[in-house]
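File shown: start_11.pdb. Contents: PDB, C-alpha atoms.
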```pdb
ATOM      1  CA  MET A   1      39.350 -62.008  41.122
ATOM      2  CA  GLY A   2      38.829 -58.325  41.874
ATOM      3  CA  LEU A   3      40.209 -56.704  38.736
ATOM      4  CA  ILE A   4      36.820 -55.827  37.256
ATOM      5  CA  GLN A   5      35.829 -52.614  38.972
ATOM      6  CA  GLY A   6      32.426 -51.076  39.467
ATOM      7  CA  LYS A   7      29.233 -53.053  39.154
ATOM      8  CA  SER A   8      30.244 -55.526  36.442
ATOM      9  CA  LEU A   9      30.613 -58.536  38.760
ATOM     10  CA  ASN A  10      27.084 -57.815  39.963
ATOM     11  CA  GLU A  11      25.944 -57.879  36.334
ATOM     12  CA  VAL A  12      26.382 -61.671  36.183
ATOM     13  CA  SER A  13      22.835 -62.978  36.169
ATOM     14  CA  SER A  14      23.292 -66.431  34.600
ATOM     15  CA  PHE A  15      25.685 -69.256  35.301
ATOM     16  CA  LEU A  16      26.667 -72.264  33.179
ATOM     17  CA  SER A  17      28.132 -74.554  35.817
ATOM     18  CA  GLU A  18      30.792 -77.221  35.621
ATOM     19  CA  GLY A  19      29.416 -80.258  33.799
ATOM     20  CA  VAL A  20      27.434 -78.165  31.300
ATOM     21  CA  GLU A  21      28.587 -78.319  27.685
ATOM     22  CA  LEU A  22      27.223 -75.927  25.053
ATOM     23  CA  SER A  23      28.039 -75.934  21.345
ATOM     24  CA  GLY A  24      26.787 -73.399  18.789
ATOM     25  CA  ASP A  25      25.766 -69.733  18.896
ATOM     26  CA  PHE A  26      25.250 -68.235  22.345
ATOM     27  CA  TYR A  27      23.546 -64.835  22.771
ATOM     28  CA  PHE A  28      22.701 -63.064  26.032
ATOM     29  CA  SER A  29      21.737 -59.589  27.260
ATOM     30  CA  LYS A  30      22.893 -59.740  30.907
ATOM     31  CA  GLY A  31      26.166 -60.972  32.366
ATOM     32  CA  VAL A  32      27.040 -64.675  32.254
ATOM     33  CA  ARG A  33      29.608 -66.760  34.125
ATOM     34  CA  ILE A  34      30.824 -69.940  32.443
ATOM     35  CA  GLY A  35      32.041 -72.823  34.582
ATOM     36  CA  GLY A  36      31.528 -75.527  31.965
ATOM     37  CA  ILE A  37      32.565 -75.907  28.317
ATOM     38  CA  VAL A  38      31.382 -73.624  25.497
ATOM     39  CA  LYS A  39      32.330 -73.959  21.809
ATOM     40  CA  GLY A  40      31.113 -71.738  18.981
ATOM     41  CA  LYS A  41      30.153 -68.048  18.855
ATOM     42  CA  ILE A  42      29.317 -65.839  21.829
ATOM     43  CA  ARG A  43      27.676 -62.409  21.327
ATOM     44  CA  ALA A  44      26.427 -59.938  23.938
ATOM     45  CA  ASP A  45      26.391 -56.313  24.990
ATOM     46  CA  ALA A  46      27.161 -57.490  28.509
ATOM     47  CA  SER A  47      29.923 -58.965  30.643
ATOM     48  CA  LEU A  48      31.245 -62.499  30.327
ATOM     49  CA  GLU A  49      33.244 -64.258  33.015
ATOM     50  CA  ILE A  50      35.026 -67.546  32.409
ATOM     51  CA  GLY A  51      35.362 -69.171  35.825
ATOM     52  CA  PRO A  52      38.313 -71.313  36.979
ATOM     53  CA  SER A  53      36.697 -74.523  35.672
ATOM     54  CA  GLY A  54      35.446 -72.854  32.463
ATOM     55  CA  LYS A  55      36.788 -73.774  29.036
ATOM     56  CA  VAL A  56      35.758 -71.688  26.035
ATOM     57  CA  GLU A  57      36.711 -72.231  22.409
ATOM     58  CA  ALA A  58      34.917 -69.482  20.529
ATOM     59  CA  GLU A  59      34.673 -66.256  18.621
ATOM     60  CA  VAL A  60      33.526 -63.793  21.282
ATOM     61  CA  GLU A  61      32.021 -60.288  20.994
ATOM     62  CA  VAL A  62      31.164 -58.784  24.394
ATOM     63  CA  ARG A  63      31.455 -55.563  26.360
ATOM     64  CA  ARG A  64      33.815 -57.002  29.002
ATOM     65  CA  ILE A  65      35.417 -60.371  29.596
ATOM     66  CA  SER A  66      37.153 -61.684  32.695
ATOM     67  CA  ILE A  67      39.099 -64.930  32.292
ATOM     68  CA  LEU A  68      39.994 -67.210  35.198
ATOM     69  CA  GLY A  69      39.759 -70.438  33.186
ATOM     70  CA  GLU A  70      40.825 -71.329  29.634
ATOM     71  CA  PHE A  71      40.036 -69.493  26.403
ATOM     72  CA  ASN A  72      41.015 -70.342  22.834
ATOM     73  CA  GLY A  73      39.844 -68.173  19.919
ATOM     74  CA  THR A  74      39.143 -64.518  19.160
ATOM     75  CA  ILE A  75      37.941 -61.921  21.651
ATOM     76  CA  ARG A  76      36.401 -58.602  20.631
ATOM     77  CA  ALA A  77      35.603 -56.608  23.769
ATOM     78  CA  SER A  78      34.310 -53.046  23.464
ATOM     79  CA  GLU A  79      35.466 -52.077  26.980
ATOM     80  CA  ARG A  80      38.114 -54.411  28.430
ATOM     81  CA  VAL A  81      39.685 -57.840  28.703
ATOM     82  CA  GLU A  82      41.046 -59.191  31.990
ATOM     83  CA  ILE A  83      43.204 -62.301  32.238
ATOM     84  CA  HIS A  84      43.589 -63.325  35.863
ATOM     85  CA  LYS A  85      46.556 -65.252  37.267
ATOM     86  CA  GLU A  86      44.649 -68.540  36.891
ATOM     87  CA  GLY A  87      43.656 -67.674  33.312
ATOM     88  CA  LYS A  88      45.014 -69.075  30.074
ATOM     89  CA  VAL A  89      44.342 -67.380  26.718
ATOM     90  CA  LEU A  90      45.402 -68.554  23.254
ATOM     91  CA  GLY A  91      44.317 -66.386  20.336
ATOM     92  CA  GLU A  92      43.610 -62.830  19.271
ATOM     93  CA  ILE A  93      42.317 -59.989  21.407
ATOM     94  CA  PHE A  94      40.713 -56.798  20.056
ATOM     95  CA  SER A  95      39.981 -54.348  22.887
ATOM     96  CA  PRO A  96      40.860 -50.810  23.999
ATOM     97  CA  CYS A  97      41.977 -52.138  27.414
ATOM     98  CA  LEU A  98      43.829 -55.333  28.343
ATOM     99  CA  ILE A  99      44.806 -56.284  31.884
ATOM    100  CA  ILE A 100      47.021 -59.325  32.426
ATOM    101  CA  GLU A 101      47.497 -60.302  36.038
ATOM    102  CA  SER A 102      50.913 -61.588  37.090
ATOM    103  CA  GLY A 103      51.026 -65.361  36.573
ATOM    104  CA  ALA A 104      48.441 -65.423  33.778
ATOM    105  CA  PHE A 105      49.195 -67.068  30.423
ATOM    106  CA  PHE A 106      48.639 -65.273  27.100
ATOM    107  CA  GLU A 107      49.838 -66.448  23.709
ATOM    108  CA  GLY A 108      48.620 -64.619  20.640
ATOM    109  CA  HIS A 109      48.065 -61.106  19.322
ATOM    110  CA  CYS A 110      46.601 -58.066  21.009
ATOM    111  CA  ASN A 111      45.093 -55.300  18.892
ATOM    112  CA  MET A 112      44.092 -52.056  20.594
ATOM    113  CA  GLY A 113      42.597 -48.734  19.537
ATOM    114  CA  ASP A 114      40.709 -47.692  16.427
ATOM    115  CA  SER A 115      43.415 -49.059  14.149
ATOM    116  CA  ALA A 116      43.220 -52.473  15.833
ATOM    117  CA  SER A 117      40.415 -53.871  13.709
ATOM    118  CA  SER A 118      41.598 -52.411  10.433
ATOM    119  CA  ASP A 119      45.177 -52.565   9.312
ATOM    120  CA  ALA A 120      46.883 -50.750   6.475
ATOM    121  CA  GLY A 121      47.626 -52.869   3.449
ATOM    122  CA  GLY A 122      46.685 -56.099   5.198
ATOM    123  CA  LYS A 123      49.614 -55.914   7.612
ATOM    124  CA  LYS A 124      49.010 -55.919  11.336
ATOM    125  CA  ALA A 125      50.856 -53.253  13.248
ATOM    126  CA  SER A 126      52.575 -54.958  16.167
ATOM    127  CA  SER A 127      55.682 -54.967  18.315
ATOM    128  CA  GLU A 128      57.243 -57.319  20.853
ATOM    129  CA  PHE A 129      56.384 -57.139  24.554
ATOM    130  CA  GLY A 130      57.681 -59.918  26.752
ATOM    131  CA  GLY A 131      57.910 -62.219  23.758
ATOM    132  CA  LYS A 132      54.307 -61.473  22.759
ATOM    133  CA  LYS A 133      53.215 -59.313  19.838
ATOM    134  CA  VAL A 134      51.126 -56.286  20.765
ATOM    135  CA  SER A 135      50.146 -53.077  18.998
ATOM    136  CA  PRO A 136      52.575 -50.118  19.095
ATOM    137  CA  GLU A 137      50.277 -47.911  21.174
ATOM    138  CA  VAL A 138      50.439 -50.368  24.064
ATOM    139  CA  VAL A 139      51.809 -48.942  27.271
ATOM    140  CA  ALA A 140      53.036 -51.499  29.801
ATOM    141  CA  LYS A 141      52.751 -50.644  33.428
ATOM    142  CA  LYS A 142      53.589 -52.963  36.281
ATOM    143  CA  ALA A 143      51.762 -52.189  39.479
ATOM    144  CA  SER A 144      53.301 -52.986  42.812
ATOM    145  CA  GLY A 145      51.647 -54.470  45.845
ATOM    146  CA  LYS A 146      49.599 -57.518  46.654
ATOM    147  CA  ASN A 147      47.512 -57.566  43.459
ATOM    148  CA  GLU A 148      50.354 -57.185  41.007
ATOM    149  CA  PHE A 149      49.293 -57.024  37.332
ATOM    150  CA  LEU A 150      50.291 -55.678  33.941
ATOM    151  CA  LYS A 151      47.979 -53.164  32.336
ATOM    152  CA  LEU A 152      48.211 -52.753  28.574
ATOM    153  CA  ASN A 153      46.265 -49.823  27.152
TER     154      ASN A 153
END
```
Same coordinates, now as structure tokens:
Amino acid sequence: MGLIQGKSLNEVSSFLSEGVELSGDFYFSKGVRIGGIVKGKIRADASLEIGPSGKVEAEVEVRRISILGEFNGTIRASERVEIHKEGKVLGEIFSPCLIIESGAFFEGHCNMGDSASSDAGGKKASSEFGGKKVSPEVVAKKASGKNEFLKLN
């Protein structure tokens, strides 16, 4: 769970625990960790962490997101997206930095850089990486060692 570096894990100030179910629009200004179920829209200029028991089906706009549970929908992260080995993501990701830990599941599209949110002529620029479509400016790098992960940026 240590892929987020710096103080972002300390930024989590609220927790929606397992057994909590929220549906609708969800706004917050400080970091939140989700252990329950959230469906709808999530907006914040803060960090979001989806814990191992968390299930989110939403359109998300946050600064950072760390996924250890399940996510289905669209993510727009201004800083980074992290999918940990326990994480499962289905959908679209728009972010300048994507980290996928070895063992994680991702099915969908990844759009990075300034051209990620706007495409020429309605066509998305993408290429294949490990059977998944990602933008052409993606650089894949496999780190060695105990915390093996793929970094796409």
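Here the residues that fall within 7 Å of (30.2, -72.3, 18.1), using only C-alpha atoms, are given as Ser23, Gly24, Asp25, Lys39, Gly40, Lys41 and Ala58 of chain A.
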Evaluated on this file, the PyMOL selection byres ((chain A and resi 51) around 10) picks out some residues - which ones are they, written as number ranges by chain?
A: 1, 15-18, 33-36, 48-50, 52-55, 66-70, 86-87
Here's the selection I'm unsure about, the PyMOL selection byres ((chain A and resi 112) around 6); applied to the file above, which residues does it give, as a ChimeraX atom specification?
/A:94-96,111,113,116
Can you give me, as a ChimeraX atom specification, the residues this file yields under the PyMOL selection byres ((chain A and resi 63) around 9)?
/A:44-48,61-62,64-65,76-81
Restricted to C-alpha atoms, what would the selected residues look like written as a PDB file, in the frame of the given file?
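Dumped everything to part_28.pdb:
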```pdb
ATOM      1  CA  ALA A  44      26.427 -59.938  23.938  1.00  0.00           C
ATOM      2  CA  ASP A  45      26.391 -56.313  24.990  1.00  0.00           C
ATOM      3  CA  ALA A  46      27.161 -57.490  28.509  1.00  0.00           C
ATOM      4  CA  SER A  47      29.923 -58.965  30.643  1.00  0.00           C
ATOM      5  CA  LEU A  48      31.245 -62.499  30.327  1.00  0.00           C
ATOM      6  CA  GLU A  61      32.021 -60.288  20.994  1.00  0.00           C
ATOM      7  CA  VAL A  62      31.164 -58.784  24.394  1.00  0.00           C
ATOM      8  CA  ARG A  64      33.815 -57.002  29.002  1.00  0.00           C
ATOM      9  CA  ILE A  65      35.417 -60.371  29.596  1.00  0.00           C
ATOM     10  CA  ARG A  76      36.401 -58.602  20.631  1.00  0.00           C
ATOM     11  CA  ALA A  77      35.603 -56.608  23.769  1.00  0.00           C
ATOM     12  CA  SER A  78      34.310 -53.046  23.464  1.00  0.00           C
ATOM     13  CA  GLU A  79      35.466 -52.077  26.980  1.00  0.00           C
ATOM     14  CA  ARG A  80      38.114 -54.411  28.430  1.00  0.00           C
ATOM     15  CA  VAL A  81      39.685 -57.840  28.703  1.00  0.00           C
TER      16      VAL A  81
END
```
Considering only C-alpha atoms, state which residue in the set A:Val60, A:Val20, A:Val32, A:Ile37 is at the smallest distance from A:Glu92.
A:Val60
Can you work out the spacing between atom CA of A:Glu101 and atom CA of A:Gly19 in Å, to one decimal?
27.0 Å
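As for atom CA of A:Ser29 and atom CA of A:Glu107, they are spaced 29.1 Å apart.
The smallest atom-to-atom distance between A:Ile93 and any of A:Phe28, A:His109, A:Glu57, A:Val38, using all atoms listed in the file, is found for A:His109.
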Could you tell me how far atom CA of A:Ile83 lies from atom CA of A:Phe105, in Å and to one decimal?
7.9 Å
Would you give the centre and edge lengths, in Å to one decimal, of a box along x, y and z around the listed atoms of stretch 96-99 of chain A, with 5 Å added to each side, as JSON?
```
{"center_x": 42.8, "center_y": -53.5, "center_z": 27.9, "size_x": 13.9, "size_y": 15.5, "size_z": 17.9}
```
